[in-house]
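*Asks:* Before anything else, here's the structure in question.
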Amino acid sequence: MRPSFVHHLHPPTIPARQARLRYTLAAGGLAVFLCLVLLVTGLLEMFYYIPTPDQAAASIQTLSFLVPYGGLVRNLHYWAAQFLVVVTVVHLLRVVFTGAYAAPRRFNYLLGIGLLVFAILLDFTGYVLRWDEGVRWALVAGTNLAKSIPLAGNALYAMLVGGSEPGPATLIRFYAWHIFGLTLLAGTLLVWHLFRIRRDGGIAVPPPAKRETQERITRYELVRREVAAMLLASVALLILSAFAPAPLAEPITATASLSGTARAPWFFLWVQELLKLGSPFLWGVVVPLAVLTAVSLIPYAFPKPVEAELGRWFPKGNRLAQICIAALGLAILLLTVLALVPAQ
Ligand code: HEM
């Protein structure tokens, strides 16, 4: 039989232990599924969304309340985007806590970091497209961070917002980045990441002689599990989208100032909390970039698990990396919680 496209997606058989839900948490597969949901719902939203400051929030209202199933499409897009960030972080943690980043998968780990950055940037740019009171922090404090960068700051700010303060040019720029620039780059990275998994010999497992079991499952069984996970995820996403609408506030009018109650999007709350410590350049640019660099360097800077330990959780060989990522994750979580506590 000539192999079809589907045959190229998975090898004929894969080790049973590493195909278990409790090993992968299905996080990588769910991230792929959420990307597909985002692509379809995003394309549908484009038929109604108008990227101008006076029409943006109104066009979203039209989509949500007047277009048949428009609200559902918007909610699906919103929730899929939030879950993509969560699921991608879970996948990253799974990769570090199983030591799966070790050579030859170091490069694919970096591609994964790129995907996480794009998931966050897409979430951020999409959030600004609402152009309502809720996005004021992103529009004022978020973009002002660019200005704080020595030497290149002002030029970078002008490039980002398209002028000396946020306005129509900012919205059209964020729109172009969201639906075209970032989407194209992220799509390319995603295909590359998936291709590299096959190229690196499938997901990390010990060499055959060092495996506890030689049991394998077929690609048909794997696809059956993937379809089951996607169906379950679809039901959960549909139920959530039917009952929990995506946020939408009053359309924004004056964009130059920051109100006292303005809040960062949830995935940047930890940065908003850090900014309370002082210098915007240090706490809003240097520290987040240092965190990103530190996480990217894990496969290069830390010891890796020995071969026999691959393909299982918490191998002894990379304990240090596990401790560091856990500490970093907890610090970010704590800062996020602190940002949510109302000021006295
Ligand atoms: C949109 C984001 C991402 C998607 C769609 C994605 C997708 C996938 C899929 C489907 C797998 C197969 C195994 C599994 O499901 O666990 C995988 C494996 C892998 N991913 Fe990702 N991934 C993403 C982000 C990341 C991130 C943020 C990292 C780490 C920084 C990463 C690093 C890896 C590595 C090293 C493997 C091989 C794991 C192993 O051999 O066990 N990926 N990815």
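Within each chain, counting starts at residue 1; across the structure tokens, chains are named A, B, ... in the order shown, with ligands numbered 1 upward in that order.
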Neighbours of stretch 196-201 of chain A within 9 Å (only C-alpha atoms; same-chain residues fewer than 5 positions away dropped), as a PyMOL selection string?

*Replies:* chain A and resi 9-11+104-105+107-108+191

*Asks:* Tell me, counting only C-alpha atoms, for each residue of stretch 47-124 of chain A within 7 Å of stretch 311-317 of chain A, which pair of atoms is nearest and how far apart they are in Å to one decimal, in rows ordered by chain and increasing number, as a tab-separated table.

*Replies:*
residue	atom	partner	partner_atom	distance
A:Phe97	CA	A:Phe314	CA	5.3
A:Thr98	CA	A:Trp313	CA	4.5
A:Gly99	CA	A:Pro315	CA	6.9

*Asks:* Given the selection you just returned, output its residues as a file containing C-alpha atoms, formatted as a compact mmCIF listing (two decimals), in the first residue's frame.

*Replies:*
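Written file, result-v2.txt:
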# COMPACT_ATOMS: atom_id res chain seq x y z
CA PHE A 97 10.14 17.29 34.30
CA THR A 98 10.76 14.26 32.04
CA GLY A 99 14.15 15.50 30.81

*Asks:* When distances are computed from only C-alpha atoms, which of A:Trp270, A:Trp79, A:Phe174, A:Phe180 shows the smallest separation from A:Leu43?

*Replies:* A:Phe180

*Asks:* Restricting the calculation to only C-alpha atoms and all ligand atoms: of A:Gln82, A:Ser296, A:Thr253, A:Ser234, which residue gets closest to ligand 1?

*Replies:* A:Ser296

*Asks:* Using backbone DSSP assignments, extract all helix (DSSP H, G or I) residues from stretch 7-107 of chain A; output them as number ranges by chain.

*Replies:* A: 7-9, 17-19, 21-24, 27-45, 56-65, 70-97, 106-107

*Asks:* Name each residue within 7 Å of ligand 1, counting only C-alpha atoms and all ligand atoms, as a PDB file with N, CA and C atoms, in the first residue's frame.

*Replies:*
ATOM      1  N   THR A  24       2.421  11.959  28.587  1.00  0.00           N
ATOM      2  CA  THR A  24       2.466  13.207  27.771  1.00  0.00           C
ATOM      3  C   THR A  24       1.472  14.252  28.281  1.00  0.00           C
ATOM      4  N   ALA A  26      -1.129  14.647  27.118  1.00  0.00           N
ATOM      5  CA  ALA A  26      -1.774  15.037  25.842  1.00  0.00           C
ATOM      6  C   ALA A  26      -1.606  16.529  25.549  1.00  0.00           C
ATOM      7  N   ALA A  27      -0.655  17.173  26.247  1.00  0.00           N
ATOM      8  CA  ALA A  27      -0.577  18.636  26.144  1.00  0.00           C
ATOM      9  C   ALA A  27      -0.134  19.100  24.747  1.00  0.00           C
ATOM     10  N   GLY A  28       0.879  18.420  24.167  1.00  0.00           N
ATOM     11  CA  GLY A  28       1.342  18.830  22.831  1.00  0.00           C
ATOM     12  C   GLY A  28       0.222  18.653  21.810  1.00  0.00           C
ATOM     13  N   GLY A  29      -0.443  17.506  21.855  1.00  0.00           N
ATOM     14  CA  GLY A  29      -1.533  17.226  20.909  1.00  0.00           C
ATOM     15  C   GLY A  29      -2.680  18.216  21.080  1.00  0.00           C
ATOM     16  N   ALA A  31      -2.426  21.220  22.181  1.00  0.00           N
ATOM     17  CA  ALA A  31      -1.978  22.524  21.666  1.00  0.00           C
ATOM     18  C   ALA A  31      -2.176  22.574  20.146  1.00  0.00           C
ATOM     19  N   VAL A  32      -1.862  21.469  19.458  1.00  0.00           N
ATOM     20  CA  VAL A  32      -2.077  21.434  18.004  1.00  0.00           C
ATOM     21  C   VAL A  32      -3.570  21.631  17.705  1.00  0.00           C
ATOM     22  N   LEU A  84      -4.564  27.729  25.022  1.00  0.00           N
ATOM     23  CA  LEU A  84      -3.324  27.431  24.295  1.00  0.00           C
ATOM     24  C   LEU A  84      -2.115  27.836  25.142  1.00  0.00           C
ATOM     25  N   THR A  88       0.356  25.010  26.562  1.00  0.00           N
ATOM     26  CA  THR A  88       1.747  25.078  26.097  1.00  0.00           C
ATOM     27  C   THR A  88       2.703  25.121  27.292  1.00  0.00           C
ATOM     28  N   VAL A  89       2.316  25.852  28.342  1.00  0.00           N
ATOM     29  CA  VAL A  89       3.160  25.893  29.547  1.00  0.00           C
ATOM     30  C   VAL A  89       3.199  24.494  30.194  1.00  0.00           C
ATOM     31  N   HIS A  91       2.871  21.670  28.695  1.00  0.00           N
ATOM     32  CA  HIS A  91       3.718  20.847  27.814  1.00  0.00           C
ATOM     33  C   HIS A  91       5.204  21.132  28.079  1.00  0.00           C
ATOM     34  N   LEU A  92       5.537  22.418  28.236  1.00  0.00           N
ATOM     35  CA  LEU A  92       6.929  22.792  28.541  1.00  0.00           C
ATOM     36  C   LEU A  92       7.364  22.134  29.871  1.00  0.00           C
ATOM     37  N   VAL A  95       7.982  18.515  29.452  1.00  0.00           N
ATOM     38  CA  VAL A  95       9.244  18.249  28.761  1.00  0.00           C
ATOM     39  C   VAL A  95      10.424  18.395  29.742  1.00  0.00           C
ATOM     40  N   ALA A 100      13.006  15.432  28.635  1.00  0.00           N
ATOM     41  CA  ALA A 100      12.910  15.084  27.209  1.00  0.00           C
ATOM     42  C   ALA A 100      13.614  16.080  26.300  1.00  0.00           C
ATOM     43  N   TYR A 101      14.141  17.161  26.889  1.00  0.00           N
ATOM     44  CA  TYR A 101      14.811  18.182  26.073  1.00  0.00           C
ATOM     45  C   TYR A 101      16.247  17.800  25.708  1.00  0.00           C
ATOM     46  N   ARG A 105      17.206  16.544  21.125  1.00  0.00           N
ATOM     47  CA  ARG A 105      15.962  17.318  21.055  1.00  0.00           C
ATOM     48  C   ARG A 105      16.137  18.765  21.513  1.00  0.00           C
ATOM     49  N   ARG A 106      17.405  19.177  21.678  1.00  0.00           N
ATOM     50  CA  ARG A 106      17.632  20.534  22.179  1.00  0.00           C
ATOM     51  C   ARG A 106      17.099  21.595  21.226  1.00  0.00           C
ATOM     52  N   ASN A 108      14.685  21.265  19.056  1.00  0.00           N
ATOM     53  CA  ASN A 108      13.219  21.283  19.044  1.00  0.00           C
ATOM     54  C   ASN A 108      12.674  21.965  20.295  1.00  0.00           C
ATOM     55  N   TYR A 109      13.423  21.877  21.379  1.00  0.00           N
ATOM     56  CA  TYR A 109      13.035  22.596  22.598  1.00  0.00           C
ATOM     57  C   TYR A 109      13.020  24.101  22.305  1.00  0.00           C
ATOM     58  N   LEU A 110      14.041  24.584  21.591  1.00  0.00           N
ATOM     59  CA  LEU A 110      14.087  26.015  21.259  1.00  0.00           C
ATOM     60  C   LEU A 110      12.932  26.401  20.335  1.00  0.00           C
ATOM     61  N   LEU A 111      12.604  25.507  19.384  1.00  0.00           N
ATOM     62  CA  LEU A 111      11.447  25.792  18.522  1.00  0.00           C
ATOM     63  C   LEU A 111      10.192  25.900  19.392  1.00  0.00           C
ATOM     64  N   GLY A 112      10.120  25.028  20.410  1.00  0.00           N
ATOM     65  CA  GLY A 112       8.982  25.057  21.336  1.00  0.00           C
ATOM     66  C   GLY A 112       8.920  26.379  22.081  1.00  0.00           C
ATOM     67  N   ILE A 113      10.071  26.873  22.547  1.00  0.00           N
ATOM     68  CA  ILE A 113      10.101  28.177  23.234  1.00  0.00           C
ATOM     69  C   ILE A 113       9.562  29.258  22.295  1.00  0.00           C
ATOM     70  N   LEU A 115       7.435  28.841  19.970  1.00  0.00           N
ATOM     71  CA  LEU A 115       5.977  28.670  19.884  1.00  0.00           C
ATOM     72  C   LEU A 115       5.266  29.279  21.095  1.00  0.00           C
ATOM     73  N   LEU A 116       5.871  29.107  22.278  1.00  0.00           N
ATOM     74  CA  LEU A 116       5.270  29.686  23.480  1.00  0.00           C
ATOM     75  C   LEU A 116       5.245  31.217  23.380  1.00  0.00           C
ATOM     76  N   ALA A 119       2.559  32.179  21.025  1.00  0.00           N
ATOM     77  CA  ALA A 119       1.214  31.996  21.604  1.00  0.00           C
ATOM     78  C   ALA A 119       0.885  33.207  22.479  1.00  0.00           C
ATOM     79  N   LEU A 190       5.317  25.825  14.006  1.00  0.00           N
ATOM     80  CA  LEU A 190       4.557  24.649  14.443  1.00  0.00           C
ATOM     81  C   LEU A 190       4.857  23.451  13.527  1.00  0.00           C
ATOM     82  N   HIS A 193       8.294  22.255  14.270  1.00  0.00           N
ATOM     83  CA  HIS A 193       8.347  21.541  15.559  1.00  0.00           C
ATOM     84  C   HIS A 193       7.845  20.107  15.389  1.00  0.00           C
ATOM     85  N   LEU A 194       6.721  19.952  14.679  1.00  0.00           N
ATOM     86  CA  LEU A 194       6.137  18.608  14.510  1.00  0.00           C
ATOM     87  C   LEU A 194       7.037  17.752  13.629  1.00  0.00           C
ATOM     88  N   ILE A 197       9.982  16.392  15.603  1.00  0.00           N
ATOM     89  CA  ILE A 197       9.711  15.266  16.512  1.00  0.00           C
ATOM     90  C   ILE A 197      10.040  13.962  15.770  1.00  0.00           C
ATOM     91  N   GLY A 202      11.111  10.393  17.083  1.00  0.00           N
ATOM     92  CA  GLY A 202       9.903  10.259  17.917  1.00  0.00           C
ATOM     93  C   GLY A 202      10.156  10.835  19.294  1.00  0.00           C
ATOM     94  N   ILE A 203       9.197  10.660  20.222  1.00  0.00           N
ATOM     95  CA  ILE A 203       9.424  11.251  21.540  1.00  0.00           C
ATOM     96  C   ILE A 203      10.473  10.427  22.304  1.00  0.00           C
ATOM     97  N   ALA A 204      11.103  11.092  23.301  1.00  0.00           N
ATOM     98  CA  ALA A 204      12.279  10.504  23.959  1.00  0.00           C
ATOM     99  C   ALA A 204      11.941   9.206  24.702  1.00  0.00           C
ATOM    100  N   SER A 296      15.186  29.069  28.071  1.00  0.00           N
ATOM    101  CA  SER A 296      15.685  28.570  26.779  1.00  0.00           C
ATOM    102  C   SER A 296      17.001  27.812  26.938  1.00  0.00           C
ATOM    103  N   GLY A 311      12.018   9.026  29.091  1.00  0.00           N
ATOM    104  CA  GLY A 311      10.657   8.524  28.905  1.00  0.00           C
ATOM    105  C   GLY A 311       9.914   8.281  30.192  1.00  0.00           C
TER     106      GLY A 311
END

*Asks:* Extract, using only C-alpha atoms, all DNA, RNA and protein residues at most 8 Å from stretch 318-325 of chain A, discarding same-chain residues fewer than 4 positions from it, and format them as a list in words.

*Replies:*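 Counting only the stated atoms, we get Leu93, Val96, Phe97, Gly99, Val295, Ile298, Phe302, Pro303, Lys304, Pro305, Phe314 and Gly329 of chain A.
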
*Asks:* Those residues with N, CA and C atoms, as a PDB file, in the first residue's frame please?

*Replies:*
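The new file selection12.pdb reads:
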ATOM      1  N   LEU A  93       6.478  22.238  30.876  1.00  0.00           N
ATOM      2  CA  LEU A  93       6.826  21.656  32.189  1.00  0.00           C
ATOM      3  C   LEU A  93       6.995  20.142  32.053  1.00  0.00           C
ATOM      4  N   VAL A  96      10.377  19.412  30.616  1.00  0.00           N
ATOM      5  CA  VAL A  96      11.491  19.599  31.552  1.00  0.00           C
ATOM      6  C   VAL A  96      11.447  18.540  32.662  1.00  0.00           C
ATOM      7  N   PHE A  97      10.243  18.270  33.202  1.00  0.00           N
ATOM      8  CA  PHE A  97      10.140  17.294  34.299  1.00  0.00           C
ATOM      9  C   PHE A  97      10.370  15.850  33.841  1.00  0.00           C
ATOM     10  N   GLY A  99      12.798  15.415  31.387  1.00  0.00           N
ATOM     11  CA  GLY A  99      14.154  15.502  30.811  1.00  0.00           C
ATOM     12  C   GLY A  99      14.168  15.254  29.312  1.00  0.00           C
ATOM     13  N   VAL A 295      15.087  29.987  30.687  1.00  0.00           N
ATOM     14  CA  VAL A 295      14.302  28.781  30.341  1.00  0.00           C
ATOM     15  C   VAL A 295      14.817  28.185  29.022  1.00  0.00           C
ATOM     16  N   ILE A 298      17.971  25.905  29.382  1.00  0.00           N
ATOM     17  CA  ILE A 298      17.924  24.682  30.213  1.00  0.00           C
ATOM     18  C   ILE A 298      18.621  23.484  29.539  1.00  0.00           C
ATOM     19  N   PHE A 302      22.084  22.660  31.889  1.00  0.00           N
ATOM     20  CA  PHE A 302      21.895  21.704  32.989  1.00  0.00           C
ATOM     21  C   PHE A 302      22.272  20.288  32.569  1.00  0.00           C
ATOM     22  N   PRO A 303      22.659  19.448  33.565  1.00  0.00           N
ATOM     23  CA  PRO A 303      22.930  18.049  33.224  1.00  0.00           C
ATOM     24  C   PRO A 303      21.657  17.386  32.698  1.00  0.00           C
ATOM     25  N   LYS A 304      21.824  16.361  31.854  1.00  0.00           N
ATOM     26  CA  LYS A 304      20.642  15.687  31.299  1.00  0.00           C
ATOM     27  C   LYS A 304      20.487  14.301  31.928  1.00  0.00           C
ATOM     28  N   PRO A 305      19.300  13.701  31.838  1.00  0.00           N
ATOM     29  CA  PRO A 305      19.130  12.362  32.413  1.00  0.00           C
ATOM     30  C   PRO A 305      19.947  11.334  31.618  1.00  0.00           C
ATOM     31  N   PHE A 314      10.286  12.776  36.300  1.00  0.00           N
ATOM     32  CA  PHE A 314      11.252  13.105  37.354  1.00  0.00           C
ATOM     33  C   PHE A 314      12.503  12.213  37.374  1.00  0.00           C
ATOM     34  N   GLY A 329       8.470  28.819  38.082  1.00  0.00           N
ATOM     35  CA  GLY A 329       7.018  28.728  37.873  1.00  0.00           C
ATOM     36  C   GLY A 329       6.267  29.226  39.096  1.00  0.00           C
TER      37      GLY A 329
END

*Asks:* Show me a table, sorted first by chain and then by increasing residue number, of the residues of stretch 253-304 of chain A having an atom at most 12 Å from stretch 145-157 of chain A, each with its shortest atom pair and the distance in Å to one decimal, counting only C-alpha atoms and written as JSON lines.

*Replies:*
{"residue": "A:Val271", "atom": "CA", "partner": "A:Leu145", "partner_atom": "CA", "distance": 10.8}
{"residue": "A:Gln272", "atom": "CA", "partner": "A:Leu145", "partner_atom": "CA", "distance": 10.9}
{"residue": "A:Leu275", "atom": "CA", "partner": "A:Leu145", "partner_atom": "CA", "distance": 10.0}
{"residue": "A:Ser279", "atom": "CA", "partner": "A:Ser148", "partner_atom": "CA", "distance": 8.7}
{"residue": "A:Pro280", "atom": "CA", "partner": "A:Leu145", "partner_atom": "CA", "distance": 6.4}
{"residue": "A:Phe281", "atom": "CA", "partner": "A:Ser148", "partner_atom": "CA", "distance": 5.2}
{"residue": "A:Leu282", "atom": "CA", "partner": "A:Ser148", "partner_atom": "CA", "distance": 9.0}
{"residue": "A:Trp283", "atom": "CA", "partner": "A:Leu145", "partner_atom": "CA", "distance": 9.7}
{"residue": "A:Gly284", "atom": "CA", "partner": "A:Leu145", "partner_atom": "CA", "distance": 6.5}
{"residue": "A:Val285", "atom": "CA", "partner": "A:Leu145", "partner_atom": "CA", "distance": 7.0}
{"residue": "A:Val286", "atom": "CA", "partner": "A:Ile149", "partner_atom": "CA", "distance": 9.3}
{"residue": "A:Pro288", "atom": "CA", "partner": "A:Leu145", "partner_atom": "CA", "distance": 11.6}

*Asks:* With C-alpha atoms kept, could you save the residues just selected as an mmCIF file, in the first residue's frame?

*Replies:*
data_model
loop_
_atom_site.group_PDB
_atom_site.id
_atom_site.type_symbol
_atom_site.label_atom_id
_atom_site.label_comp_id
_atom_site.auth_asym_id
_atom_site.auth_seq_id
_atom_site.Cartn_x
_atom_site.Cartn_y
_atom_site.Cartn_z
ATOM 1 C CA VAL A 271 5.133 41.653 34.853
ATOM 2 C CA GLN A 272 2.635 44.273 36.064
ATOM 3 C CA LEU A 275 6.805 46.938 37.566
ATOM 4 C CA SER A 279 12.537 50.910 36.786
ATOM 5 C CA PRO A 280 10.270 49.896 33.851
ATOM 6 C CA PHE A 281 13.312 48.928 31.775
ATOM 7 C CA LEU A 282 14.763 46.671 34.472
ATOM 8 C CA TRP A 283 11.551 45.046 35.735
ATOM 9 C CA GLY A 284 9.430 45.192 32.589
ATOM 10 C CA VAL A 285 12.012 44.364 29.920
ATOM 11 C CA VAL A 286 15.296 42.994 31.348
ATOM 12 C CA PRO A 288 11.181 39.019 31.636
#

*Asks:* Enumerate, as an NGL selection string, the complete set of residues in stretch 86-278 of chain A that a backbone-based DSSP assignment places in strand (DSSP E or B).

*Replies:* :A and (132 or 216-218 or 251)

*Asks:* Would you output that residue set with C-alpha atoms, as a compact mmCIF listing (two decimals), in the first residue's frame?

*Replies:*
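again.txt was written with the following content:
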# COMPACT_ATOMS: atom_id res chain seq x y z
CA ASP A 132 -12.25 48.55 24.85
CA ARG A 216 4.28 -0.90 21.46
CA ILE A 217 1.00 0.51 20.11
CA THR A 218 0.09 1.02 16.45
CA PRO A 251 -15.13 51.22 23.66

*Asks:* So how many Å separate atom CA of A:Leu269 and atom CA of A:Ala290, to one decimal?

*Replies:*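 These two atoms are separated by 17.0 Å.
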
*Asks:* With only C-alpha atoms as the basis for distance, which of A:Tyr78, A:Trp177, A:Phe195, A:Tyr300 is at the shortest distance from A:Leu121?

*Replies:*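 Using only C-alpha atoms, A:Leu121 sits closest to A:Trp177.
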